[in-house]
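Reproduced below: target-v8.cif, with mmCIF, C-alpha atoms.
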```
data_target
#
loop_
_atom_site.label_atom_id
_atom_site.label_comp_id
_atom_site.auth_asym_id
_atom_site.auth_seq_id
_atom_site.Cartn_x
_atom_site.Cartn_y
_atom_site.Cartn_z
CA MET A 736 29.49 -3.87 15.07
CA GLY A 737 27.42 -2.67 18.02
CA LEU A 738 23.64 -2.65 17.97
CA ALA A 739 23.42 1.17 18.00
CA ARG A 740 25.88 1.50 15.12
CA PHE A 741 24.08 -1.25 13.21
CA ALA A 742 20.75 0.58 13.63
CA SER A 743 22.35 3.86 12.53
CA VAL A 744 23.73 2.24 9.39
CA GLN A 745 20.31 0.83 8.53
CA ILE A 746 18.65 4.25 9.00
CA ILE A 747 21.26 5.99 6.84
CA ASN A 748 20.93 3.35 4.11
CA ALA A 749 17.14 3.70 4.20
CA LEU A 750 17.36 7.50 3.86
CA ILE A 751 19.73 7.20 0.91
CA VAL A 752 17.45 4.70 -0.83
CA LEU A 753 14.40 6.89 -0.11
CA LEU A 754 16.07 9.97 -1.60
CA VAL A 755 17.24 8.09 -4.69
CA VAL A 756 13.82 6.57 -5.32
CA LEU A 757 12.11 9.90 -4.64
CA PHE A 758 14.43 11.61 -7.15
CA ILE A 759 13.63 9.02 -9.82
CA VAL A 760 9.87 9.21 -9.20
CA THR A 761 9.90 13.01 -9.08
CA ALA A 762 11.95 13.26 -12.25
CA LEU A 763 9.42 11.06 -14.04
CA PHE A 764 6.44 13.09 -12.82
CA THR A 765 7.92 16.59 -13.23
CA ASN A 766 7.28 16.86 -16.97
CA LEU A 767 3.73 15.58 -16.56
CA ALA A 768 3.05 18.00 -13.71
CA ASP A 769 4.51 20.88 -15.75
CA GLN A 770 2.29 20.00 -18.71
CA GLU A 771 -0.78 20.09 -16.46
CA LYS A 772 0.23 23.49 -15.10
CA LYS A 773 0.84 24.84 -18.58
CA ALA A 774 -2.55 23.56 -19.75
CA ALA A 775 -4.25 25.21 -16.76
CA ILE A 776 -2.42 28.49 -17.48
CA GLU A 777 -3.40 28.35 -21.16
CA GLU A 778 -7.03 27.90 -20.16
CA ALA A 779 -6.86 30.70 -17.58
CA VAL A 780 -5.23 33.13 -20.03
CA ALA A 781 -7.78 32.26 -22.71
CA GLN A 782 -10.59 33.25 -20.34
CA MET A 783 -8.95 36.56 -19.34
CA LYS A 784 -10.59 39.71 -20.64
CA PRO A 785 -7.99 42.04 -22.19
CA PRO A 786 -7.98 45.75 -21.30
CA ALA A 787 -10.27 47.96 -23.34
CA SER A 788 -7.29 50.02 -24.53
CA LEU A 789 -6.06 47.12 -26.66
CA LYS A 790 -7.64 47.25 -30.09
CA THR A 791 -5.72 45.10 -32.53
CA LYS A 792 -5.31 41.32 -32.44
CA ALA A 793 -1.54 41.71 -32.27
CA GLU A 794 -1.78 43.85 -29.12
CA ILE A 795 -4.21 41.43 -27.49
CA GLN A 796 -1.98 38.45 -28.37
CA LYS A 797 1.09 40.23 -26.98
CA TRP A 798 -0.81 41.01 -23.75
CA LYS A 799 -1.86 37.36 -23.38
CA GLU A 800 1.73 36.21 -23.89
CA GLU A 801 2.84 38.61 -21.15
CA GLN A 802 0.17 37.28 -18.78
CA LYS A 803 1.17 33.73 -19.63
CA GLN A 804 4.81 34.52 -18.85
CA ILE A 805 3.83 36.07 -15.50
CA LEU A 806 1.92 32.93 -14.55
CA TYR A 807 4.79 30.72 -15.74
CA GLU A 808 7.17 32.58 -13.41
CA ARG A 809 4.67 32.41 -10.53
CA GLU A 810 4.38 28.61 -10.92
CA GLY A 811 8.15 28.19 -11.30
CA LEU A 812 7.96 26.90 -14.87
CA THR A 813 10.73 29.23 -16.03
CA LYS A 814 13.26 27.62 -13.67
CA PRO A 815 15.71 24.98 -14.96
CA TYR A 816 14.48 21.38 -15.00
CA TRP A 817 16.73 20.21 -12.15
CA GLN A 818 15.50 23.04 -9.92
CA ARG A 819 11.89 22.06 -10.57
CA VAL A 820 12.69 18.43 -9.72
CA PHE A 821 14.43 19.51 -6.51
CA GLY A 822 11.46 21.71 -5.61
CA TYR A 823 9.04 18.80 -6.03
CA MET A 824 11.33 16.62 -3.90
CA VAL A 825 11.38 19.15 -1.06
CA ASP A 826 7.59 19.49 -1.22
CA ALA A 827 7.19 15.70 -1.13
CA LEU A 828 9.48 15.38 1.91
CA GLU A 829 7.32 18.00 3.63
CA LEU A 830 4.17 16.07 2.56
CA ASN A 831 3.12 19.13 0.60
CA PHE A 832 1.67 17.70 -2.60
CA GLY A 833 -0.61 20.61 -3.42
CA GLU A 834 -4.29 20.26 -4.29
CA ALA A 835 -6.13 17.93 -6.63
CA ASN A 836 -7.96 19.32 -9.63
CA HIS A 837 -11.11 17.22 -9.42
CA MET A 838 -10.71 14.67 -6.62
CA ALA A 839 -11.72 15.21 -3.01
CA SER A 840 -11.26 13.23 0.19
CA PHE A 841 -13.95 10.72 1.13
CA LYS A 842 -14.83 12.16 4.51
CA THR A 843 -14.22 15.93 4.52
CA GLN A 844 -14.35 16.51 0.74
CA SER A 845 -11.01 18.32 0.97
CA LYS A 846 -9.00 18.79 -2.23
CA LYS A 847 -5.63 18.78 -0.45
CA VAL A 848 -3.67 15.75 -1.63
CA SER A 849 -2.21 15.10 1.81
CA ARG A 850 -5.73 15.05 3.28
CA ILE A 851 -6.97 12.71 0.55
CA ILE A 852 -4.15 10.26 1.31
CA LEU A 853 -4.39 10.56 5.10
CA GLU A 854 -8.11 9.77 4.99
CA ALA A 855 -7.66 6.80 2.62
CA LEU A 856 -4.67 5.21 4.41
CA PRO A 857 -6.51 4.27 7.65
CA ASN A 858 -9.27 2.63 5.60
CA THR A 859 -6.72 0.47 3.79
CA ILE A 860 -5.09 -0.41 7.11
CA ILE A 861 -8.48 -1.36 8.55
CA LEU A 862 -9.24 -3.70 5.67
CA PHE A 863 -6.03 -5.07 4.15
CA THR A 864 -3.75 -5.00 7.18
CA THR A 865 -6.43 -6.75 9.23
CA ALA A 866 -6.87 -9.30 6.44
CA THR A 867 -3.10 -9.74 6.16
CA LEU A 868 -2.74 -10.41 9.89
CA ILE A 869 -5.51 -13.02 9.67
CA VAL A 870 -3.81 -14.56 6.62
CA ILE A 871 -0.47 -14.70 8.48
CA ALA A 872 -2.03 -16.43 11.50
CA ILE A 873 -3.92 -18.96 9.35
CA GLY A 874 -0.93 -19.47 7.03
CA ILE A 875 1.55 -20.17 9.82
CA TYR A 876 -0.87 -22.52 11.59
CA LEU A 877 -1.74 -24.50 8.45
CA GLY A 878 1.86 -24.43 7.22
CA MET A 879 3.12 -25.90 10.48
CA LYS A 880 0.39 -28.57 10.43
CA ALA A 881 1.20 -29.50 6.83
CA ALA A 882 4.96 -29.67 7.50
CA ARG A 883 4.49 -31.95 10.52
CA ALA A 884 2.24 -34.24 8.45
CA ALA A 885 4.37 -34.20 5.30
CA GLY A 886 3.09 -36.61 2.66
CA LYS A 887 -0.08 -37.45 4.59
CA LEU A 888 -3.67 -36.63 3.72
CA LEU A 889 -3.65 -33.43 5.76
CA ASP A 890 -0.57 -32.18 3.95
CA ARG A 891 -2.00 -33.00 0.52
CA THR A 892 -5.33 -31.36 1.39
CA ILE A 893 -3.70 -28.17 2.64
CA SER A 894 -1.38 -28.07 -0.38
CA PHE A 895 -4.34 -28.48 -2.75
CA LEU A 896 -6.35 -25.74 -1.03
CA ALA A 897 -3.27 -23.51 -1.01
CA MET A 898 -2.69 -23.85 -4.74
CA LEU A 899 -6.40 -23.43 -5.44
CA SER A 900 -6.79 -20.23 -3.40
CA ALA A 901 -3.54 -18.75 -4.71
CA SER A 902 -4.65 -19.38 -8.30
CA LEU A 903 -7.94 -17.47 -8.03
CA PRO A 904 -7.88 -13.79 -9.09
CA MET A 905 -8.99 -11.66 -6.17
CA TRP A 906 -11.14 -9.36 -8.30
CA TRP A 907 -12.96 -12.35 -9.86
CA VAL A 908 -13.65 -13.91 -6.46
CA GLY A 909 -14.80 -10.49 -5.26
CA MET A 910 -17.30 -10.21 -8.09
CA LEU A 911 -18.64 -13.69 -7.30
CA MET A 912 -18.95 -12.78 -3.62
CA LEU A 913 -20.84 -9.61 -4.53
CA LEU A 914 -23.11 -11.54 -6.89
CA LEU A 915 -23.95 -14.13 -4.24
CA PHE A 916 -23.99 -12.25 -0.94
CA SER A 917 -25.00 -8.77 -2.12
CA TYR A 918 -27.32 -9.23 -5.08
CA LYS A 919 -28.73 -12.72 -4.47
CA LEU A 920 -28.87 -13.03 -0.67
CA ASN A 921 -28.74 -9.30 0.12
CA TRP A 922 -26.64 -9.95 3.21
CA PHE A 923 -23.97 -7.32 2.59
CA PRO A 924 -23.82 -3.98 0.73
CA SER A 925 -22.60 -3.88 -2.85
CA ASN A 926 -20.72 -0.58 -2.50
CA ALA A 927 -18.56 -0.02 0.58
CA ILE A 928 -18.15 3.69 -0.16
CA ASP A 929 -21.62 4.10 1.40
CA VAL A 930 -20.03 3.48 4.79
CA TYR A 931 -19.48 7.24 5.11
CA VAL A 932 -23.18 7.83 4.59
CA ALA A 933 -23.95 5.29 7.30
CA ILE A 934 -21.51 6.58 9.94
CA ARG A 935 -22.80 10.15 9.57
CA HIS A 936 -26.02 8.96 11.15
CA ALA A 937 -24.34 6.81 13.81
CA SER A 938 -25.54 7.74 17.29
CA ASN A 939 -22.43 6.50 19.09
CA ILE A 940 -19.07 4.83 18.50
CA LEU A 941 -20.50 1.32 18.88
CA VAL A 942 -22.98 1.93 16.06
CA GLU A 943 -20.17 3.39 13.94
CA LEU A 944 -18.00 0.32 14.62
CA LYS A 945 -20.91 -1.93 13.68
CA ASP A 946 -21.29 -0.05 10.37
CA TRP A 947 -17.58 -0.43 9.58
CA ILE A 948 -17.71 -4.17 10.28
CA TYR A 949 -20.87 -4.55 8.18
CA TYR A 950 -19.32 -2.86 5.14
CA MET A 951 -15.90 -4.47 5.62
CA THR A 952 -16.91 -8.11 6.15
CA LEU A 953 -17.36 -9.14 2.50
CA PRO A 954 -14.09 -7.67 1.14
CA LEU A 955 -12.25 -8.95 4.23
CA ILE A 956 -13.47 -12.52 3.67
CA THR A 957 -12.55 -12.27 -0.01
CA VAL A 958 -8.99 -11.12 0.67
CA VAL A 959 -8.42 -13.81 3.31
CA LEU A 960 -9.94 -16.53 1.15
CA VAL A 961 -7.67 -15.77 -1.79
CA SER A 962 -4.48 -15.04 0.16
CA PHE A 963 -4.16 -17.62 2.95
CA GLY A 964 -3.22 -20.55 0.70
CA GLY A 965 -0.04 -19.10 -0.74
CA PHE A 966 1.20 -18.05 2.69
CA ALA A 967 0.45 -21.48 4.16
CA TYR A 968 2.23 -23.29 1.33
CA VAL A 969 5.38 -21.17 1.55
CA THR A 970 5.45 -21.55 5.34
CA ARG A 971 5.04 -25.30 4.95
CA ASN A 972 8.05 -25.51 2.64
CA ILE A 973 10.21 -23.32 4.88
CA VAL A 974 9.38 -25.31 8.02
CA LEU A 975 9.77 -28.62 6.19
CA GLY A 976 13.24 -27.62 5.02
CA VAL A 977 14.30 -26.72 8.56
CA MET A 978 12.87 -29.97 9.98
CA ASN A 979 15.28 -31.92 7.80
CA GLU A 980 18.33 -30.17 9.26
CA ASP A 981 20.81 -32.11 11.39
CA PHE A 982 20.30 -30.05 14.56
CA VAL A 983 16.58 -30.96 14.56
CA MET A 984 17.43 -34.65 14.29
CA ALA A 985 19.96 -34.21 17.12
CA ALA A 986 17.35 -32.52 19.31
CA ARG A 987 14.93 -35.39 18.74
CA ALA A 988 17.69 -37.91 19.43
CA LYS A 989 18.25 -36.26 22.81
CA GLY A 990 14.65 -37.07 23.69
CA LEU A 991 13.30 -33.51 23.69
CA PRO A 992 9.50 -33.25 23.51
CA GLU A 993 8.21 -32.78 19.97
CA ARG A 994 6.49 -29.53 20.95
CA LYS A 995 9.78 -28.09 22.19
CA VAL A 996 11.58 -29.26 19.07
CA ILE A 997 9.00 -27.63 16.80
CA TYR A 998 8.50 -24.34 18.62
CA GLY A 999 11.91 -24.02 20.29
CA HIS A 1000 14.18 -25.07 17.43
CA VAL A 1001 12.35 -25.36 14.12
CA LEU A 1002 10.10 -22.30 14.30
CA ARG A 1003 12.83 -20.02 15.62
CA THR A 1004 15.21 -21.06 12.85
CA ALA A 1005 12.48 -20.65 10.24
CA SER A 1006 11.37 -17.29 11.65
CA PRO A 1007 13.58 -14.91 9.57
CA PRO A 1008 12.05 -15.75 6.17
CA ILE A 1009 8.57 -15.98 7.73
CA VAL A 1010 9.06 -12.59 9.41
CA THR A 1011 10.24 -11.15 6.09
CA MET A 1012 7.25 -12.55 4.25
CA SER A 1013 4.88 -11.30 6.95
CA ALA A 1014 6.36 -7.82 7.09
CA LEU A 1015 6.39 -7.42 3.32
CA SER A 1016 2.80 -8.64 3.17
CA ILE A 1017 1.75 -6.09 5.77
CA ILE A 1018 3.59 -3.20 4.12
CA GLY A 1019 2.31 -4.29 0.72
CA SER A 1020 -1.21 -4.17 2.08
CA LEU A 1021 -0.83 -0.49 3.01
CA GLY A 1022 -0.87 0.42 -0.67
CA GLY A 1023 -4.21 -1.30 -1.05
CA ALA A 1024 -5.29 -3.37 -4.02
CA ILE A 1025 -6.47 -1.17 -6.87
CA ILE A 1026 -8.83 -3.61 -8.58
CA THR A 1027 -10.16 -5.18 -5.36
CA GLU A 1028 -10.96 -1.85 -3.72
CA THR A 1029 -12.58 -0.69 -6.95
CA VAL A 1030 -14.74 -3.83 -7.17
CA PHE A 1031 -16.02 -3.39 -3.61
CA GLY A 1032 -15.96 0.42 -3.67
CA TRP A 1033 -13.75 0.44 -0.59
CA PRO A 1034 -12.50 3.99 0.18
CA GLY A 1035 -8.82 3.11 0.52
CA MET A 1036 -5.46 3.83 -1.09
CA GLY A 1037 -6.03 1.49 -4.03
CA ARG A 1038 -9.30 3.14 -5.03
CA VAL A 1039 -7.74 6.60 -4.68
CA TYR A 1040 -4.93 5.50 -6.99
CA TRP A 1041 -7.42 4.19 -9.54
CA VAL A 1042 -9.51 7.36 -9.51
CA ALA A 1043 -6.33 9.47 -9.73
CA ILE A 1044 -5.24 7.58 -12.85
CA GLN A 1045 -8.67 8.01 -14.42
CA GLU A 1046 -8.83 11.72 -13.56
CA ASN A 1047 -5.17 12.30 -14.51
CA GLU A 1048 -4.42 13.66 -11.03
CA THR A 1049 -0.62 13.79 -11.14
CA ALA A 1050 -0.25 15.29 -7.67
CA VAL A 1051 -2.31 12.49 -6.09
CA ILE A 1052 -0.37 9.79 -7.94
CA LEU A 1053 2.95 11.34 -6.86
CA GLY A 1054 1.75 11.64 -3.26
CA GLU A 1055 0.55 8.04 -3.04
CA THR A 1056 3.73 6.77 -4.68
CA PHE A 1057 5.91 8.65 -2.21
CA VAL A 1058 3.92 7.46 0.82
CA THR A 1059 4.04 3.85 -0.39
CA VAL A 1060 7.79 4.03 -1.09
CA PHE A 1061 8.44 5.61 2.31
CA LEU A 1062 6.51 2.88 4.13
CA PHE A 1063 8.25 0.14 2.12
CA VAL A 1064 11.77 1.52 2.73
CA ALA A 1065 11.04 2.00 6.45
CA THR A 1066 9.83 -1.60 6.67
CA ILE A 1067 12.97 -2.94 4.99
CA ALA A 1068 15.13 -0.99 7.45
CA LEU A 1069 13.08 -2.34 10.36
CA LEU A 1070 13.39 -5.87 8.99
CA ASN A 1071 17.18 -5.59 8.81
CA PHE A 1072 17.22 -4.38 12.41
CA ILE A 1073 15.01 -7.29 13.51
CA TYR A 1074 17.36 -9.66 11.69
CA GLY A 1075 20.20 -8.21 13.75
CA LEU A 1076 18.29 -9.04 16.91
CA LEU A 1077 17.36 -12.56 15.78
CA ASP A 1078 20.74 -13.48 14.34
CA PRO A 1079 23.93 -11.74 15.58
CA ARG A 1080 25.76 -12.94 12.46
CA VAL A 1081 23.83 -10.36 10.43
CA LYS A 1082 25.51 -7.48 12.27
CA VAL A 1083 28.94 -8.97 11.64
CA GLY A 1084 28.11 -9.39 7.96
#
```

Output the file's structure in the form of structure tokens.
Amino acid sequence: MGLARFASVQIINALIVLLVVLFIVTALFTNLADQEKKAAIEEAVAQMKPPASLKTKAEIQKWKEEQKQILYEREGLTKPYWQRVFGYMVDALELNFGEANHMASFKTQSKKVSRIILEALPNTIILFTTATLIVIAIGIYLGMKAARAAGKLLDRTISFLAMLSASLPMWWVGMLMLLLFSYKLNWFPSNAIDVYVAIRHASNILVELKDWIYYMTLPLITVVLVSFGGFAYVTRNIVLGVMNEDFVMAARAKGLPERKVIYGHVLRTASPPIVTMSALSIIGSLGGAIITETVFGWPGMGRVYWVAIQENETAVILGETFVTVFLFVATIALLNFIYGLLDPRVKVG
């Protein structure tokens, strides 16, 4: 199978998966969205003032039912269920999620769901994707060091720190960091949502960048501190397994330098699972961490999701779910394509 055909197959598979998942998600949210619309229509009709010509309660009730039916038809609630699901799917593919009832975007205070998500996504990328890249770099470095010193003090120390950091709940560590560095030492702010207040008064881009770094430092350190250990430990086990393969022993027997054996043979062979783990970590970070962003008040995707659940904002939840699914499916397709470049046997399979 040629590279172009292989890429086309991956794109088609990704589109099929995206449509199937979108149909399932939309079907689950359609009833909830319809109930919200019906409740809003009931409230609107109840506040309508009937014409003065209507005298009896029966006439007024009949008029209200007619108005309710008109609004039902306008909102598409009289259509069959499958048509409503299909309509929501088309809107989602066009990134048209409507407007939120109570929520607004952090920066422009817009009620459009697409604007709320588009303003929150870069903030999550700034924080969690940056933290994830740092975690990947530290994890690969420490994992390689531990694998090369298997059974020694360095390996045991790294393994202990890895298990310790991976066992700590991120929200609990975040609360401790806030207690120490925000409330006791007063080094960092306790609520990162205030970053928008700070950047409004920034005189230039350097001051704005300084404000972002100031508000981001504490949650960034927390995420890295809790996450690097698990990545390092998994990398250590992957590399250690490859180092015990016969071709590595043969390369050493030929007298190749240890650096070339490690980085030319071991790391390349171990790269597919490490690339997978790295890519999934990065794409997982785009959805944010609901509890962590809420603890620090970080204006990202996780906090938007949390507020949407509290405010019962179905459109926002559906929009965030679709964006997260789209990014995840696109990453899987990209990973399969990268596998095809790293290992030609994947294309044959």

Requested in this report: Would you mind reading off the distance between atom CA of Ile852 of chain A and atom CA of Ile940 of chain A, one decimal, in Å?
Outcome: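 Separation of atom CA of Ile852 of chain A and atom CA of Ile940 of chain A: 23.4 Å.
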
Query raised in the report: Any idea what's packed within 12 Å of segment 989-998 of chain A, counting all atoms listed in the file, ignoring anything in its chain fewer than 5 positions away? Could you give it as a ChimeraX atom specification?
Result: /A:875-876,879-880,882-883,974-975,977-980,982-984,1003-1006

Report task. Could you tell me which residues the PyMOL selection byres ((chain A and resi 811-813) around 12) returns for this structure, as a PyMOL selection string? Result -> chain A and resi 765-766+768-773+776+803-810+814-823

Query - Output of the PyMOL selection byres ((chain A and resi 1036-1046) around 6), listed as a PyMOL selection string - result: chain A and resi 855-856+1022-1025+1028-1029+1035+1047-1048

Query raised in the report: Between A:Ile1009, A:Leu1069, A:Ala1050, A:Leu899, which one has atoms that come closest to Thr970 of chain A, using only C-alpha atoms?
Result: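 Ranked by minimum distance to Thr970 of chain A, first place goes to A:Ile1009.
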
Query raised in the report: Which of these, A:Thr865, A:Thr761, A:Ser894, A:Gln796, has the shortest distance to Leu877 of chain A once you count only C-alpha atoms?
Result: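 Among the listed residues, A:Ser894 lies closest to Leu877 of chain A.
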
Report task. Decode the PyMOL selection byres ((chain A and resi 900) around 7) for the given file into explicit residues and return them as an MDAnalysis selection string. Result -> chainID A and resid 896:899 901:903 960:962 964

Requested in this report: Using all atoms listed in the file, pick whichever of A:Phe1063, A:Ala787, A:Ile861, A:Gly833 has the shortest atom-to-atom distance to Ile948 of chain A.
Outcome: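 Going through A:Phe1063, A:Ala787, A:Ile861, A:Gly833 one by one, the smallest distance to Ile948 of chain A is for A:Ile861.
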
Report task. Between atom CA of Thr843 of chain A and atom CA of Thr1027 of chain A, measure the distance and give it in Å to one decimal. Result -> 23.7 Å

Query raised in the report: What is the atom CA of Met951 of chain A-atom CA of Met1012 of chain A distance in Å, reported with one decimal?
Result: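 Separating atom CA of Met951 of chain A from atom CA of Met1012 of chain A is a distance of 24.6 Å.
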
Report task. Name the closest residue to Tyr968 of chain A among the candidates A:Thr1059, A:Val870, A:Leu911, A:Ser925; distances are taken between atoms, counting only C-alpha atoms. Result ->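 Comparing A:Thr1059, A:Val870, A:Leu911, A:Ser925 against Tyr968 of chain A, the winner is A:Val870.
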
Edge lengths and centre in Å to one decimal, as lines of an AutoDock Vina configuration file, is what I'm after for the box along x, y and z that holds all listed atoms of segment 813-819 of chain A once 6 Å is added on each side.
```
center_x = 13.7
center_y = 24.7
center_z = -13.0
size_x = 18.0
size_y = 21.0
size_z = 18.1
```

**Report entry** Shortest interatomic distance to Ile751 of chain A - which of A:Phe1061, A:Phe832, A:Trp798, A:Phe1072, counting all atoms listed in the file
**Finding:**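 The answer is A:Phe1061, which sits nearest to Ile751 of chain A.
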
Report task. Between A:Thr867, A:Thr1049, A:Thr892, A:Thr1056, single out the one closest to Phe966 of chain A, counting only C-alpha atoms. Result ->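 Closest candidate: A:Thr867.
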
Requested in this report: Please identify all polymer residues within 7 Å of Leu862 of chain A, counting all atoms listed in the file, omitting same-chain residues fewer than 4 positions from it, and present them as a PyMOL selection string.
Outcome: chain A and resi 858+866+951+955
